[in-house]
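This is work38.tsv (TSV, C-alpha atoms).
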chain	number	residue	atom	x	y	z
A	242	MET	CA	33.33	-16.73	-50.94
A	243	ALA	CA	33.05	-13.97	-48.36
A	244	ILE	CA	34.99	-14.75	-45.18
A	245	LYS	CA	32.61	-13.29	-42.63
A	246	ASP	CA	31.09	-14.50	-39.37
A	247	THR	CA	27.31	-14.83	-39.56
A	248	PRO	CA	24.52	-15.05	-36.95
A	249	GLU	CA	23.09	-18.50	-36.32
A	250	GLU	CA	21.28	-20.12	-33.41
A	251	TRP	CA	20.72	-23.84	-32.98
A	252	THR	CA	17.67	-25.10	-31.11
A	253	VAL	CA	17.98	-25.23	-27.32
A	254	THR	CA	15.62	-27.68	-25.64
A	255	ALA	CA	16.48	-26.86	-22.01
A	256	THR	CA	18.50	-24.29	-20.06
A	257	THR	CA	19.66	-24.11	-16.46
A	258	THR	CA	21.90	-21.68	-14.55
A	259	PRO	CA	23.86	-23.74	-11.99
A	260	PHE	CA	25.95	-20.77	-10.84
A	261	THR	CA	25.33	-17.02	-10.57
A	262	GLY	CA	28.17	-14.74	-9.53
A	263	ASN	CA	28.56	-11.01	-8.98
A	264	LYS	CA	29.15	-10.13	-12.63
A	265	THR	CA	28.90	-13.39	-14.55
A	266	SER	CA	27.07	-16.71	-14.41
A	267	VAL	CA	27.34	-20.23	-15.79
A	268	ARG	CA	24.64	-21.56	-18.09
A	269	THR	CA	23.98	-25.12	-19.23
A	270	ASP	CA	22.09	-25.56	-22.53
A	271	GLU	CA	20.85	-28.73	-24.15
A	272	VAL	CA	21.57	-28.04	-27.83
A	273	VAL	CA	20.23	-29.97	-30.83
A	274	MET	CA	23.13	-31.01	-33.10
A	275	PRO	CA	22.92	-31.27	-36.92
A	276	ASP	CA	22.36	-35.04	-36.71
A	277	GLY	CA	19.38	-34.53	-34.38
A	278	ALA	CA	21.18	-35.63	-31.22
A	279	THR	CA	21.27	-33.36	-28.16
A	280	ALA	CA	24.50	-32.26	-26.52
A	281	ARG	CA	25.10	-30.36	-23.28
A	282	ARG	CA	27.07	-27.12	-23.51
A	283	ASP	CA	28.28	-25.29	-20.38
A	284	TYR	CA	29.47	-21.71	-20.77
A	285	GLN	CA	30.04	-18.49	-18.88
A	286	VAL	CA	27.53	-15.70	-19.47
A	287	HIS	CA	29.37	-12.37	-19.56
A	288	PRO	CA	28.12	-8.76	-19.86
A	289	GLY	CA	30.84	-7.80	-22.35
A	290	SER	CA	33.92	-5.63	-22.07
A	291	VAL	CA	35.79	-2.75	-23.62
A	292	ALA	CA	39.54	-2.19	-23.92
A	293	VAL	CA	41.60	0.80	-24.97
A	294	LEU	CA	44.86	0.84	-26.90
A	295	ALA	CA	45.91	4.39	-26.00
A	296	LEU	CA	48.70	5.64	-28.27
A	297	ASP	CA	50.66	8.81	-27.49
A	298	ASP	CA	52.51	11.16	-29.85
A	299	ALA	CA	55.76	9.24	-29.33
A	300	ASP	CA	54.15	6.01	-30.65
A	301	ARG	CA	54.03	4.54	-27.16
A	302	VAL	CA	51.11	2.50	-25.81
A	303	LEU	CA	49.78	3.04	-22.30
A	304	VAL	CA	49.98	-0.30	-20.48
A	305	LEU	CA	49.22	-1.55	-16.98
A	306	ARG	CA	50.81	-4.40	-15.05
A	307	GLN	CA	48.32	-6.26	-12.90
A	308	TYR	CA	48.11	-9.53	-10.98
A	309	ARG	CA	45.61	-12.02	-12.44
A	310	HIS	CA	44.84	-14.77	-9.97
A	311	PRO	CA	43.31	-17.41	-12.31
A	312	VAL	CA	46.57	-17.63	-14.32
A	313	ARG	CA	48.88	-16.87	-11.36
A	314	GLN	CA	50.76	-14.20	-13.32
A	315	ARG	CA	51.30	-10.47	-13.30
A	316	LEU	CA	50.32	-9.45	-16.83
A	317	TRP	CA	50.94	-6.36	-18.90
A	318	GLU	CA	47.57	-5.22	-20.21
A	319	ILE	CA	45.83	-2.26	-21.82
A	320	PRO	CA	43.08	-0.44	-19.88
A	321	ALA	CA	39.87	-2.47	-19.94
A	322	GLY	CA	36.66	-3.05	-18.03
A	323	LEU	CA	33.18	-4.51	-18.01
A	324	LEU	CA	30.07	-3.09	-19.59
A	325	ASP	CA	28.41	-2.62	-16.23
A	326	VAL	CA	24.97	-1.62	-17.52
A	327	PRO	CA	23.03	-3.55	-20.21
A	328	GLY	CA	22.98	-1.49	-23.41
A	329	GLU	CA	25.75	0.80	-22.16
A	330	ASN	CA	27.48	2.81	-24.88
A	331	PRO	CA	30.87	1.10	-25.26
A	332	LEU	CA	32.67	4.36	-26.07
A	333	HIS	CA	31.48	5.90	-22.81
A	334	ALA	CA	32.63	2.78	-20.94
A	335	ALA	CA	36.05	2.92	-22.63
A	336	GLN	CA	36.48	6.59	-21.77
A	337	ARG	CA	35.59	5.79	-18.15
A	338	GLU	CA	38.13	2.95	-17.97
A	339	LEU	CA	40.92	5.08	-19.45
A	340	TYR	CA	40.19	7.76	-16.87
A	341	GLU	CA	39.86	5.40	-13.90
A	342	GLU	CA	42.88	3.21	-14.64
A	343	ALA	CA	45.30	5.78	-16.08
A	344	HIS	CA	43.84	9.26	-15.38
A	345	VAL	CA	44.09	10.00	-19.10
A	346	LYS	CA	41.64	11.32	-21.69
A	347	ALA	CA	41.82	11.12	-25.49
A	348	GLY	CA	40.70	13.48	-28.22
A	349	ASP	CA	40.46	10.90	-31.03
A	350	TRP	CA	38.66	7.56	-30.76
A	351	ARG	CA	38.19	4.77	-33.30
A	352	VAL	CA	37.15	1.12	-33.20
A	353	LEU	CA	40.24	-1.02	-33.62
A	354	THR	CA	38.53	-4.41	-33.62
A	355	ASP	CA	35.78	-6.53	-32.00
A	356	VAL	CA	36.47	-10.01	-30.66
A	357	TYR	CA	34.93	-12.92	-28.77
A	358	THR	CA	37.56	-13.86	-26.19
A	359	THR	CA	36.76	-17.57	-25.73
A	360	PRO	CA	33.71	-18.46	-27.85
A	361	GLY	CA	33.95	-22.16	-27.03
A	362	GLY	CA	33.24	-21.57	-23.36
A	363	CYS	CA	32.15	-17.96	-22.79
A	364	ASP	CA	29.97	-15.44	-24.60
A	365	GLU	CA	32.20	-12.46	-23.68
A	366	ALA	CA	32.46	-9.90	-26.47
A	367	VAL	CA	35.14	-7.19	-26.32
A	368	ARG	CA	35.36	-3.99	-28.33
A	369	ILE	CA	38.93	-2.70	-28.53
A	370	PHE	CA	39.29	1.02	-29.20
A	371	LEU	CA	42.24	3.00	-30.51
A	372	ALA	CA	42.58	6.24	-28.53
A	373	ARG	CA	44.93	9.03	-29.65
A	374	ASP	CA	45.57	12.69	-28.83
A	375	LEU	CA	46.17	11.82	-25.17
A	376	SER	CA	46.29	14.27	-22.30
A	377	GLU	CA	46.08	14.23	-18.51
A	378	ALA	CA	42.52	14.05	-17.20
A	379	GLU	CA	41.19	16.78	-14.96
A	380	GLY	CA	40.11	16.34	-11.37
A	381	GLU	CA	41.01	13.84	-8.68
A	382	ARG	CA	42.44	10.46	-9.53
A	383	PHE	CA	39.99	7.57	-9.25
A	384	GLU	CA	40.50	5.60	-6.05
A	385	VAL	CA	41.40	2.00	-6.88
A	386	SER	CA	41.15	-1.11	-4.72
A	387	GLU	CA	41.90	-4.86	-4.62
A	388	GLU	CA	44.20	-5.98	-7.50
A	389	GLU	CA	44.05	-2.53	-9.09
A	390	ALA	CA	45.66	-0.96	-6.02
A	391	ASP	CA	48.89	-2.75	-6.97
A	392	MET	CA	48.91	-1.80	-10.66
A	393	GLU	CA	51.98	-0.40	-12.41
A	394	LEU	CA	51.64	2.08	-15.27
A	395	ALA	CA	54.02	2.48	-18.20
A	396	ARG	CA	54.24	3.73	-21.77
A	397	VAL	CA	55.88	1.23	-24.12
A	398	PRO	CA	56.72	1.64	-27.83
A	399	LEU	CA	54.25	-0.24	-30.01
A	400	ALA	CA	57.12	-2.04	-31.74
A	401	ASP	CA	58.30	-3.42	-28.39
A	402	LEU	CA	54.82	-4.78	-27.64
A	403	VAL	CA	54.59	-6.48	-31.03
A	404	ARG	CA	58.02	-8.04	-30.48
A	405	GLY	CA	56.95	-9.23	-27.01
A	406	VAL	CA	53.74	-10.74	-28.37
A	407	LEU	CA	55.53	-12.70	-31.09
A	408	ALA	CA	58.22	-13.82	-28.62
A	409	GLY	CA	55.59	-15.29	-26.30
A	410	GLU	CA	56.37	-12.81	-23.53
A	411	LEU	CA	53.03	-10.97	-23.46
A	412	HIS	CA	49.76	-12.88	-23.12
A	413	ASN	CA	46.82	-10.60	-22.29
A	414	ASN	CA	44.35	-11.10	-25.11
A	415	CYS	CA	43.31	-7.45	-25.49
A	416	LEU	CA	46.91	-6.27	-25.57
A	417	VAL	CA	47.88	-8.98	-28.06
A	418	VAL	CA	44.92	-8.38	-30.37
A	419	GLY	CA	45.14	-4.59	-30.05
A	420	ALA	CA	48.86	-4.33	-30.79
A	421	LEU	CA	48.71	-6.68	-33.76
A	422	ALA	CA	45.53	-5.08	-35.11
A	423	LEU	CA	47.08	-1.62	-35.03
A	424	SER	CA	50.18	-2.91	-36.80
A	425	ALA	CA	47.99	-4.56	-39.44
A	426	ALA	CA	45.92	-1.39	-39.90
A	427	ARG	CA	49.06	0.64	-40.49
A	428	ALA	CA	50.35	-1.90	-42.99
A	429	GLY	CA	46.99	-1.90	-44.80
A	430	ALA	CA	44.54	0.90	-45.46
A	431	GLY	CA	45.81	3.00	-42.57
A	432	VAL	CA	44.43	4.10	-39.23
A	433	ASP	CA	42.09	6.63	-40.84
A	434	ALA	CA	40.23	3.73	-42.46
A	435	LEU	CA	39.28	2.24	-39.09
A	436	ARG	CA	35.61	2.29	-38.11
A	437	PRO	CA	34.29	5.31	-36.20
A	438	ALA	CA	33.99	5.06	-32.42
A	439	ASP	CA	30.19	4.75	-32.58
A	440	ALA	CA	30.16	1.95	-35.19
A	441	PRO	CA	27.39	-0.63	-34.64
A	442	TRP	CA	28.29	-3.63	-32.48
A	443	PRO	CA	25.77	-6.46	-33.02
A	444	ALA	CA	27.29	-8.55	-30.24
A	445	ARG	CA	26.38	-5.88	-27.67
A	446	PRO	CA	23.81	-3.47	-29.13
A	447	PHE	CA	23.85	0.01	-27.56
A	448	GLU	CA	22.29	3.43	-27.73
A	449	VAL	CA	24.45	6.09	-29.42

Written as structure tokens, how would this file's structure read?
Amino acid sequence: MAIKDTPEEWTVTATTTPFTGNKTSVRTDEVVMPDGATARRDYQVHPGSVAVLALDDADRVLVLRQYRHPVRQRLWEIPAGLLDVPGENPLHAAQRELYEEAHVKAGDWRVLTDVYTTPGGCDEAVRIFLARDLSEAEGERFEVSEEEADMELARVPLADLVRGVLAGELHNNCLVVGALALSAARAGAGVDALRPADAPWPARPFEV
């Protein structure tokens, strides 16, 4: 049996949007269950995100430390951001986030993995890229604000991140998934076997 996620959509008899925010909203669907009964499902509607595991020549990952109010913690993360425009090319968005958050560009891009962050309560899909051949970006640094104005930037050996993940010391989902996925890729077919940066992404279709 092939272990593979597959598209499926159960019948929705009614939909409401009780909350609409700046970037996301909350939707309530009445969904027909397999036994014919109807159940209410509330979930966050999200535009999607990209994240970048940027790896330098010394096998260090570019990470950011940022305050996250919902969890009341300052988390170590990898550069990430929203897909601000419907149908936006995720590679272009990832390149923008790497520039804005770290003032870095990369010469080699690959898809590391695609994930749904919390599929039981949110439709957010994230594409995590592996970026290599790093160099300083040209031009002025992007002006940050709000939580991003207090960010710290560091380069940490990949092995230290993996150790921190398994020790329960690092919790950001994109960092956790990215670090473990890269370790798994190296232990398997190798980084060169990863999908190209413009690989199709059914969860968030885009124009190449």

- request: Record the distance separating atom CA of A:Asp246 and atom CA of A:Leu294, expressed in Å with one decimal.
  value: 24.1 Å

- request: Identify, on the basis of all atoms listed in the file, every residue whose closest approach to A:Ala295 does not exceed 8 Å; exclude the query and any residue fewer than 5 positions from it along the same chain; express the result as JSON, numbers by chain.
  value: {"A": [302, 303, 319, 347, 371, 372, 373, 375]}

Selection export as a PDB file, in the coordinates of the input, atoms kept: C-alpha atoms:
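Writing done, so here's again_20.pdb:
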ATOM      1  CA  VAL A 302      51.110   2.500 -25.810  1.00  0.00           C
ATOM      2  CA  LEU A 303      49.780   3.040 -22.300  1.00  0.00           C
ATOM      3  CA  ILE A 319      45.830  -2.260 -21.820  1.00  0.00           C
ATOM      4  CA  ALA A 347      41.820  11.120 -25.490  1.00  0.00           C
ATOM      5  CA  LEU A 371      42.240   3.000 -30.510  1.00  0.00           C
ATOM      6  CA  ALA A 372      42.580   6.240 -28.530  1.00  0.00           C
ATOM      7  CA  ARG A 373      44.930   9.030 -29.650  1.00  0.00           C
ATOM      8  CA  LEU A 375      46.170  11.820 -25.170  1.00  0.00           C
TER       9      LEU A 375
END

field: Selection: 10 Å around A:Pro360, all atoms listed in the file, excl. self and same-chain fewer than 5 positions, as a PyMOL selection string
entry: chain A and resi 284-285+365-366

Quick one: what's the axis-aligned box for stretch 396-400 of chain A, all listed atoms, 3 Å on every side, centre and edges in Å to one decimal, as JSON?
{"center_x": 55.7, "center_y": 0.8, "center_z": -26.8, "size_x": 8.9, "size_y": 11.8, "size_z": 16.0}

field: Minimum-distance residue to A:Arg337, chosen among A:Val293, A:Thr257, A:Val352, A:Val406 (using all atoms listed in the file)
entry: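 Closest to A:Arg337 of all the choices is A:Val293.
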
query: What does the distance between atom CA of A:Ala299 and atom CA of A:Val356 come to in Å, to one decimal place?
result: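 Spanning atom CA of A:Ala299 to atom CA of A:Val356 is a straight-line distance of 27.3 Å.
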
task: Using atom CA of A:Ile244 and atom CA of A:Leu332 as the two end points, give the distance in Å to one decimal.
output: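 Between atom CA of A:Ile244 and atom CA of A:Leu332 the gap is 27.1 Å.
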
query: From the list A:Glu393, A:Asp270, A:Asp355, A:Glu250, which residue is nearest A:Gln307 when using only C-alpha atoms?
result: A:Glu393

task: Rank nothing, just name the residue among A:Ser290, A:Asn413, A:Ser266, A:Thr261 nearest to A:Ala444, using only C-alpha atoms.
output: A:Ser290

message: Using only C-alpha atoms, which protein or nucleic acid residues come within 9 Å of A:Arg396? Drop anything in the same chain fewer than 6 positions from it, and give the result as a list in words.
response: Leu296, Asp297, Arg301, Val302, Leu303, Val304 and Leu305 of chain A

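Take the candidates A:Leu394, A:Thr254, A:Ala428, A:Leu323 and check each one against A:Ala278 using all atoms listed in the file; the shortest distance goes to A:Thr254.
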
message: I need the residue nearest A:Arg351 from this list: A:Ala395, A:Met274, A:Leu423, A:Leu416. Use all atoms listed in the file for the distance.
response: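 Smallest distance to A:Arg351 is found for A:Leu423.
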
- request: Could you check which of A:Asn414, A:Thr279, A:Thr358, A:Asn330 is closest to A:Ala255, using all atoms listed in the file?
  value: A:Thr279

task: Name the residues in contact with A:Thr256 at a cut-off of 12 Å, using only C-alpha atoms, excluding same-chain residues fewer than 3 positions from it; report them as a PyMOL selection string.
output: chain A and resi 252-253+259+267-272+280-284

Contact residues around A:Arg315 with only C-alpha atoms at 12 Å, ignoring same-chain residues under 5 positions, as a compact mmCIF listing (two decimals) with C-alpha atoms, in the coordinates of the input:
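What follows is the written file around-v5.txt:
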# COMPACT_ATOMS: atom_id res chain seq x y z
CA LEU A 305 49.22 -1.55 -16.98
CA ARG A 306 50.81 -4.40 -15.05
CA GLN A 307 48.32 -6.26 -12.90
CA TYR A 308 48.11 -9.53 -10.98
CA ARG A 309 45.61 -12.02 -12.44
CA HIS A 310 44.84 -14.77 -9.97
CA GLU A 388 44.20 -5.98 -7.50
CA GLU A 389 44.05 -2.53 -9.09
CA ASP A 391 48.89 -2.75 -6.97
CA MET A 392 48.91 -1.80 -10.66
CA GLU A 393 51.98 -0.40 -12.41
CA GLU A 410 56.37 -12.81 -23.53
CA LEU A 411 53.03 -10.97 -23.46
CA HIS A 412 49.76 -12.88 -23.12
CA ASN A 413 46.82 -10.60 -22.29
